[in-house]
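Inspection log for the structure reproduced underneath, given as structure tokens.
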Amino acid sequence: MSGVFEATEVIGHRGAGRGVVGGALENTPASFELAARTGADWIEIDVRRTADDRLVLFHNAALDDGRAIVDLTEAQCRAEGLVGLEEGLAAIPPELGLDVDVKTVMEDGVDAASRRTLSLVLPFLRREAGRRRVFVCSFDPGLLLGVREGAPGVATAWMPYVRNPADTAIPGAVGLGCPIVAVDARALGLADDGPRPGRRALEYTVETAHRAGLELISWCPAPVDAARFAAAGMDAVVVDDVPGAVAALARPGSAGGAGGAGGAGGTE
């Protein structure tokens, strides 16, 4: 396997979690600081391009008023409270890993190559790879192939769409040449789910991913499921409750106690 992760590591989803957690809005320096302080090993961020070819941190394609991020300038985005990629990266401690969820847009299929999200994000990825652990995840397989070519030192994670089964996610990641596969927790089965015909046991899924040479991560399990995933040998979990996941992974029977900062107590 690629060896991107140590034991089962905790990745803070959009920082400390989606929405507002502990007074900190997702994808902002305040959220990154809170995630780091509560034990995250990695920070996950969402990256989108603007109308003037800048990169900002935002999960959704559009603001609540319906305006698409790709149709707004960076200044307009900042006026709405969005953070630029440069500012966001500066706020993440270098000892923490960086999970970059790159959100491509329809216009990437028609705009000049220099304007496409891939071209804009590659310099940042190459720079960050020189100072911290970093990987890129995306729903867009073309983006992942482009990162593999343009930033070969950066690991990639195939992230099939929400609830896509591991049956297609694992061979898809292998086919794309990604060392990591990311699967929605609901596709793997939650603690209170009943049996589902055709869905493999969690342990079998993790073991098969590892046999394929992949590291397996999942978003966004609650602490009880994060502990189950760790006990099954999963490599990392992307979570909305960082302290809850850190505590769950530290309990006997999980695989998270000997890993990175989270083990030490230190997609979407």
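By order in the structure tokens, chains are A, B, ...; within a chain, residues start at 1; ligands start at 1, following the order shown.
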Report the residues of range 11-230 of chain A whose backbone DSSP state falls under helix (DSSP H, G or I), written as a PyMOL selection string.
chain A and resi 29-37+69-71+74-79+85-90+106-109+113-115+117-129+141-150+166-176+185-188+202-211+223-230
Please identify the strand (DSSP E) residues within range 12-209 of chain A (assignment by DSSP from backbone atoms) and present them as a compact mmCIF listing (two decimals) with all heavy atoms, in the first residue's frame.
# COMPACT_ATOMS: atom_id res chain seq x y z
N GLY A 12 -10.45 15.98 9.92
CA GLY A 12 -11.53 16.91 10.24
C GLY A 12 -12.23 17.36 8.98
O GLY A 12 -11.63 17.98 8.10
N VAL A 20 -21.58 24.85 11.28
CA VAL A 20 -20.93 25.60 12.36
C VAL A 20 -20.74 24.66 13.54
O VAL A 20 -21.70 24.09 14.05
CB VAL A 20 -21.76 26.82 12.79
CG1 VAL A 20 -21.09 27.54 13.95
CG2 VAL A 20 -21.97 27.78 11.61
N VAL A 21 -19.49 24.46 13.95
CA VAL A 21 -19.15 23.60 15.08
C VAL A 21 -18.38 24.43 16.10
O VAL A 21 -17.37 25.04 15.76
CB VAL A 21 -18.30 22.39 14.63
CG1 VAL A 21 -17.88 21.55 15.83
CG2 VAL A 21 -19.06 21.54 13.62
N ALA A 24 -17.44 27.84 15.08
CA ALA A 24 -16.54 28.01 13.93
C ALA A 24 -17.22 27.51 12.66
O ALA A 24 -17.68 26.36 12.59
CB ALA A 24 -15.25 27.24 14.17
N LEU A 25 -17.27 28.36 11.66
CA LEU A 25 -17.86 28.01 10.38
C LEU A 25 -16.92 27.12 9.57
O LEU A 25 -15.71 27.35 9.54
CB LEU A 25 -18.18 29.28 9.58
CG LEU A 25 -18.78 29.11 8.19
CD1 LEU A 25 -20.17 28.49 8.28
CD2 LEU A 25 -18.84 30.46 7.48
N TRP A 42 -5.51 15.31 10.29
CA TRP A 42 -5.59 15.92 8.97
C TRP A 42 -6.74 16.92 8.98
O TRP A 42 -7.67 16.82 9.77
CB TRP A 42 -5.92 14.88 7.90
CG TRP A 42 -4.91 13.80 7.66
CD1 TRP A 42 -4.59 12.76 8.50
CD2 TRP A 42 -4.10 13.64 6.50
NE1 TRP A 42 -3.65 11.95 7.93
CE2 TRP A 42 -3.32 12.46 6.69
CE3 TRP A 42 -3.96 14.34 5.30
CZ2 TRP A 42 -2.43 12.00 5.73
CZ3 TRP A 42 -3.07 13.88 4.34
CH2 TRP A 42 -2.31 12.73 4.56
N ILE A 43 -6.68 17.87 8.03
CA ILE A 43 -7.78 18.79 7.77
C ILE A 43 -8.23 18.59 6.32
O ILE A 43 -7.40 18.58 5.40
CB ILE A 43 -7.35 20.26 7.95
CG1 ILE A 43 -6.87 20.52 9.39
CG2 ILE A 43 -8.49 21.20 7.58
CD1 ILE A 43 -7.93 20.40 10.44
N GLU A 44 -9.54 18.45 6.13
CA GLU A 44 -10.10 18.37 4.78
C GLU A 44 -10.67 19.73 4.40
O GLU A 44 -11.35 20.37 5.22
CB GLU A 44 -11.20 17.31 4.72
CG GLU A 44 -11.77 17.06 3.32
CD GLU A 44 -13.15 17.66 3.11
OE1 GLU A 44 -13.67 18.35 4.01
OE2 GLU A 44 -13.72 17.44 2.02
N ILE A 45 -10.36 20.19 3.19
CA ILE A 45 -10.88 21.46 2.70
C ILE A 45 -11.54 21.24 1.33
O ILE A 45 -11.21 20.31 0.61
CB ILE A 45 -9.77 22.53 2.57
CG1 ILE A 45 -8.69 22.08 1.58
CG2 ILE A 45 -9.17 22.84 3.94
CD1 ILE A 45 -7.62 23.14 1.30
N ASP A 46 -12.49 22.12 1.00
CA ASP A 46 -13.16 22.09 -0.30
C ASP A 46 -12.69 23.28 -1.13
O ASP A 46 -12.74 24.42 -0.65
CB ASP A 46 -14.68 22.17 -0.12
CG ASP A 46 -15.23 20.98 0.66
OD1 ASP A 46 -15.03 19.85 0.22
OD2 ASP A 46 -15.86 21.22 1.71
N VAL A 47 -12.26 23.03 -2.34
CA VAL A 47 -11.67 24.07 -3.18
C VAL A 47 -12.50 24.26 -4.45
O VAL A 47 -12.81 23.28 -5.15
CB VAL A 47 -10.21 23.73 -3.54
CG1 VAL A 47 -9.63 24.79 -4.48
CG2 VAL A 47 -9.36 23.62 -2.28
N ARG A 48 -12.83 25.52 -4.75
CA ARG A 48 -13.56 25.87 -5.97
C ARG A 48 -12.91 27.08 -6.64
O ARG A 48 -12.32 27.92 -5.99
CB ARG A 48 -15.02 26.22 -5.65
CG ARG A 48 -15.86 25.04 -5.22
CD ARG A 48 -17.33 25.40 -5.12
NE ARG A 48 -18.12 24.23 -4.83
CZ ARG A 48 -18.56 23.37 -5.75
NH1 ARG A 48 -18.29 23.59 -7.04
NH2 ARG A 48 -19.27 22.32 -5.41
N ARG A 49 -13.10 27.18 -7.96
CA ARG A 49 -12.57 28.34 -8.68
C ARG A 49 -13.63 29.40 -8.85
O ARG A 49 -14.84 29.13 -8.87
CB ARG A 49 -11.97 27.94 -10.02
CG ARG A 49 -12.94 27.60 -11.15
CD ARG A 49 -12.13 27.50 -12.45
NE ARG A 49 -12.86 26.92 -13.57
CZ ARG A 49 -13.24 27.61 -14.64
NH1 ARG A 49 -13.00 28.91 -14.72
NH2 ARG A 49 -13.85 27.00 -15.64
N LEU A 55 -8.99 30.75 -6.31
CA LEU A 55 -9.51 29.58 -5.62
C LEU A 55 -9.98 29.97 -4.23
O LEU A 55 -9.27 30.65 -3.49
CB LEU A 55 -8.43 28.50 -5.53
CG LEU A 55 -7.98 27.91 -6.88
CD1 LEU A 55 -6.74 27.03 -6.70
CD2 LEU A 55 -9.11 27.10 -7.53
N VAL A 56 -11.18 29.52 -3.89
CA VAL A 56 -11.75 29.79 -2.58
C VAL A 56 -12.19 28.49 -1.94
O VAL A 56 -12.32 27.45 -2.62
CB VAL A 56 -12.95 30.76 -2.67
CG1 VAL A 56 -12.50 32.13 -3.15
CG2 VAL A 56 -14.04 30.20 -3.58
N LEU A 57 -12.42 28.54 -0.63
CA LEU A 57 -12.83 27.36 0.12
C LEU A 57 -14.34 27.40 0.32
O LEU A 57 -14.86 28.27 1.02
CB LEU A 57 -12.11 27.33 1.47
CG LEU A 57 -10.58 27.39 1.42
CD1 LEU A 57 -10.00 27.24 2.82
CD2 LEU A 57 -10.01 26.33 0.49
N VAL A 83 -13.33 32.15 2.33
CA VAL A 83 -11.90 32.30 2.56
C VAL A 83 -11.14 31.87 1.32
O VAL A 83 -11.49 30.86 0.68
CB VAL A 83 -11.47 31.46 3.78
CG1 VAL A 83 -9.96 31.45 3.95
CG2 VAL A 83 -12.16 31.97 5.04
N GLY A 84 -10.09 32.60 0.95
CA GLY A 84 -9.25 32.21 -0.17
C GLY A 84 -8.39 31.01 0.19
O GLY A 84 -8.06 30.77 1.35
N GLY A 97 -1.81 16.82 8.28
CA GLY A 97 -1.97 16.47 6.89
C GLY A 97 -3.06 17.30 6.24
O GLY A 97 -3.93 17.88 6.92
N LEU A 98 -3.04 17.36 4.91
CA LEU A 98 -4.00 18.17 4.16
C LEU A 98 -4.73 17.29 3.14
O LEU A 98 -4.11 16.68 2.27
CB LEU A 98 -3.26 19.29 3.43
CG LEU A 98 -4.09 20.18 2.50
CD1 LEU A 98 -5.10 21.00 3.31
CD2 LEU A 98 -3.17 21.11 1.70
N ASP A 99 -6.04 17.23 3.27
CA ASP A 99 -6.93 16.51 2.35
C ASP A 99 -7.66 17.56 1.53
O ASP A 99 -8.50 18.29 2.05
CB ASP A 99 -7.88 15.64 3.16
CG ASP A 99 -9.02 15.03 2.33
OD1 ASP A 99 -9.02 15.19 1.10
OD2 ASP A 99 -9.90 14.40 2.95
N VAL A 100 -7.34 17.64 0.24
CA VAL A 100 -7.92 18.67 -0.64
C VAL A 100 -9.01 18.04 -1.51
O VAL A 100 -8.73 17.24 -2.40
CB VAL A 100 -6.84 19.30 -1.54
CG1 VAL A 100 -7.44 20.46 -2.33
CG2 VAL A 100 -5.66 19.77 -0.71
N ASP A 101 -10.25 18.41 -1.22
CA ASP A 101 -11.38 17.96 -2.02
C ASP A 101 -11.60 18.99 -3.11
O ASP A 101 -12.09 20.10 -2.85
CB ASP A 101 -12.61 17.81 -1.13
CG ASP A 101 -13.84 17.26 -1.87
OD1 ASP A 101 -13.80 17.18 -3.11
OD2 ASP A 101 -14.82 16.93 -1.20
N VAL A 102 -11.20 18.65 -4.32
CA VAL A 102 -11.27 19.61 -5.43
C VAL A 102 -12.61 19.46 -6.15
O VAL A 102 -12.94 18.38 -6.64
CB VAL A 102 -10.11 19.41 -6.42
CG1 VAL A 102 -10.19 20.45 -7.54
CG2 VAL A 102 -8.77 19.52 -5.69
N VAL A 134 -0.05 15.28 2.07
CA VAL A 134 -1.18 15.83 1.34
C VAL A 134 -1.73 14.78 0.38
O VAL A 134 -0.97 13.99 -0.18
CB VAL A 134 -0.77 17.12 0.59
CG1 VAL A 134 0.37 16.86 -0.37
CG2 VAL A 134 -1.95 17.74 -0.15
N PHE A 135 -3.04 14.76 0.23
CA PHE A 135 -3.65 13.99 -0.85
C PHE A 135 -4.86 14.75 -1.38
O PHE A 135 -5.39 15.65 -0.72
CB PHE A 135 -4.02 12.57 -0.41
CG PHE A 135 -5.23 12.44 0.48
CD1 PHE A 135 -6.49 12.19 -0.04
CD2 PHE A 135 -5.10 12.52 1.87
CE1 PHE A 135 -7.60 12.05 0.78
CE2 PHE A 135 -6.19 12.37 2.71
CZ PHE A 135 -7.45 12.13 2.15
N VAL A 136 -5.26 14.40 -2.59
CA VAL A 136 -6.39 15.04 -3.25
C VAL A 136 -7.48 14.00 -3.42
O VAL A 136 -7.23 12.88 -3.85
CB VAL A 136 -5.99 15.59 -4.64
CG1 VAL A 136 -7.22 16.01 -5.43
CG2 VAL A 136 -5.04 16.76 -4.48
N CYS A 137 -8.70 14.38 -3.08
CA CYS A 137 -9.85 13.53 -3.39
C CYS A 137 -10.79 14.30 -4.29
O CYS A 137 -10.81 15.54 -4.29
CB CYS A 137 -10.55 13.08 -2.10
SG CYS A 137 -11.27 14.41 -1.12
N SER A 138 -11.55 13.57 -5.09
CA SER A 138 -12.48 14.23 -5.99
C SER A 138 -13.49 13.23 -6.52
O SER A 138 -13.20 12.04 -6.63
CB SER A 138 -11.75 14.89 -7.17
OG SER A 138 -12.65 15.60 -8.00
N ALA A 155 -0.60 12.11 -3.51
CA ALA A 155 -1.48 10.95 -3.59
C ALA A 155 -2.89 11.39 -3.98
O ALA A 155 -3.32 12.52 -3.70
CB ALA A 155 -1.51 10.21 -2.26
N THR A 156 -3.63 10.49 -4.62
CA THR A 156 -5.00 10.79 -5.03
C THR A 156 -5.96 9.76 -4.45
O THR A 156 -5.60 8.60 -4.23
CB THR A 156 -5.13 10.79 -6.57
OG1 THR A 156 -4.60 9.56 -7.09
CG2 THR A 156 -4.39 11.96 -7.18
N ALA A 157 -7.18 10.21 -4.23
CA ALA A 157 -8.22 9.34 -3.67
C ALA A 157 -9.45 9.41 -4.56
O ALA A 157 -10.02 10.49 -4.76
CB ALA A 157 -8.57 9.75 -2.25
N TRP A 158 -9.84 8.26 -5.10
CA TRP A 158 -11.08 8.16 -5.87
C TRP A 158 -12.24 8.19 -4.89
O TRP A 158 -12.32 7.39 -3.96
CB TRP A 158 -11.09 6.89 -6.69
CG TRP A 158 -12.38 6.47 -7.33
CD1 TRP A 158 -12.91 5.22 -7.32
CD2 TRP A 158 -13.28 7.26 -8.12
NE1 TRP A 158 -14.08 5.18 -8.02
CE2 TRP A 158 -14.33 6.42 -8.53
CE3 TRP A 158 -13.30 8.61 -8.49
CZ2 TRP A 158 -15.41 6.87 -9.31
CZ3 TRP A 158 -14.37 9.07 -9.27
CH2 TRP A 158 -15.39 8.21 -9.67
N ILE A 180 -5.60 5.59 -2.86
CA ILE A 180 -6.60 5.69 -1.80
C ILE A 180 -7.99 5.61 -2.42
O ILE A 180 -8.23 6.12 -3.52
CB ILE A 180 -6.47 7.02 -1.04
CG1 ILE A 180 -5.04 7.24 -0.54
CG2 ILE A 180 -7.46 7.10 0.12
CD1 ILE A 180 -4.76 8.66 -0.08
N VAL A 181 -8.93 4.98 -1.70
CA VAL A 181 -10.33 4.99 -2.10
C VAL A 181 -11.15 5.52 -0.93
O VAL A 181 -10.90 5.17 0.22
CB VAL A 181 -10.81 3.59 -2.54
CG1 VAL A 181 -10.72 2.58 -1.42
CG2 VAL A 181 -12.23 3.67 -3.10
N ALA A 182 -12.09 6.41 -1.23
CA ALA A 182 -12.91 7.04 -0.20
C ALA A 182 -14.37 6.65 -0.43
O ALA A 182 -14.91 6.87 -1.51
CB ALA A 182 -12.76 8.56 -0.25
N VAL A 183 -15.00 6.10 0.60
CA VAL A 183 -16.36 5.58 0.47
C VAL A 183 -17.25 6.20 1.55
O VAL A 183 -16.86 6.24 2.73
CB VAL A 183 -16.38 4.04 0.59
CG1 VAL A 183 -17.79 3.50 0.41
CG2 VAL A 183 -15.44 3.41 -0.42
N ASP A 184 -18.42 6.66 1.17
CA ASP A 184 -19.39 7.19 2.11
C ASP A 184 -19.71 6.13 3.18
O ASP A 184 -19.93 4.96 2.87
CB ASP A 184 -20.66 7.57 1.35
CG ASP A 184 -21.70 8.29 2.19
OD1 ASP A 184 -21.97 7.87 3.32
OD2 ASP A 184 -22.27 9.27 1.69
Nearest-residue call for Glu95 in chain A, choices A:Arg127, A:Arg132, A:Arg116, A:His59, using only C-alpha atoms:
A:Arg132
So that I can see what lies close to Ser218 in chain A, please list as a list in words the residues with an atom at most 9 Å from it, counting only C-alpha atoms and leaving out residues fewer than 6 positions away in the same chain.
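Contacts, with the query itself left out: Val181, Ala182, Val183, Asp184, Ala185, Leu188, Ala226, Phe229, Met234, Asp235, Ala236, Val237, Val238, Val239 and Thr267 of chain A.
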A:Ala191, A:Ala79, A:Val4, A:Ala201: which is nearest Gly213 in chain A, counting only C-alpha atoms?
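Using only C-alpha atoms, Gly213 in chain A sits closest to A:Val4.
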Near Leu145 in chain A, counting only C-alpha atoms, which residues have an atom at most 9 Å away, once you skip same-chain residues fewer than 3 positions from it, shown as a VMD selection string?
chain A and resid 141 to 142 148 to 150 156 176 to 178
Neighbour list for range 50-52 of chain A as a PyMOL selection string, cut-off 6 Å, only C-alpha atoms, skip fewer than 6 positions in-chain:
chain A and resi 69-74
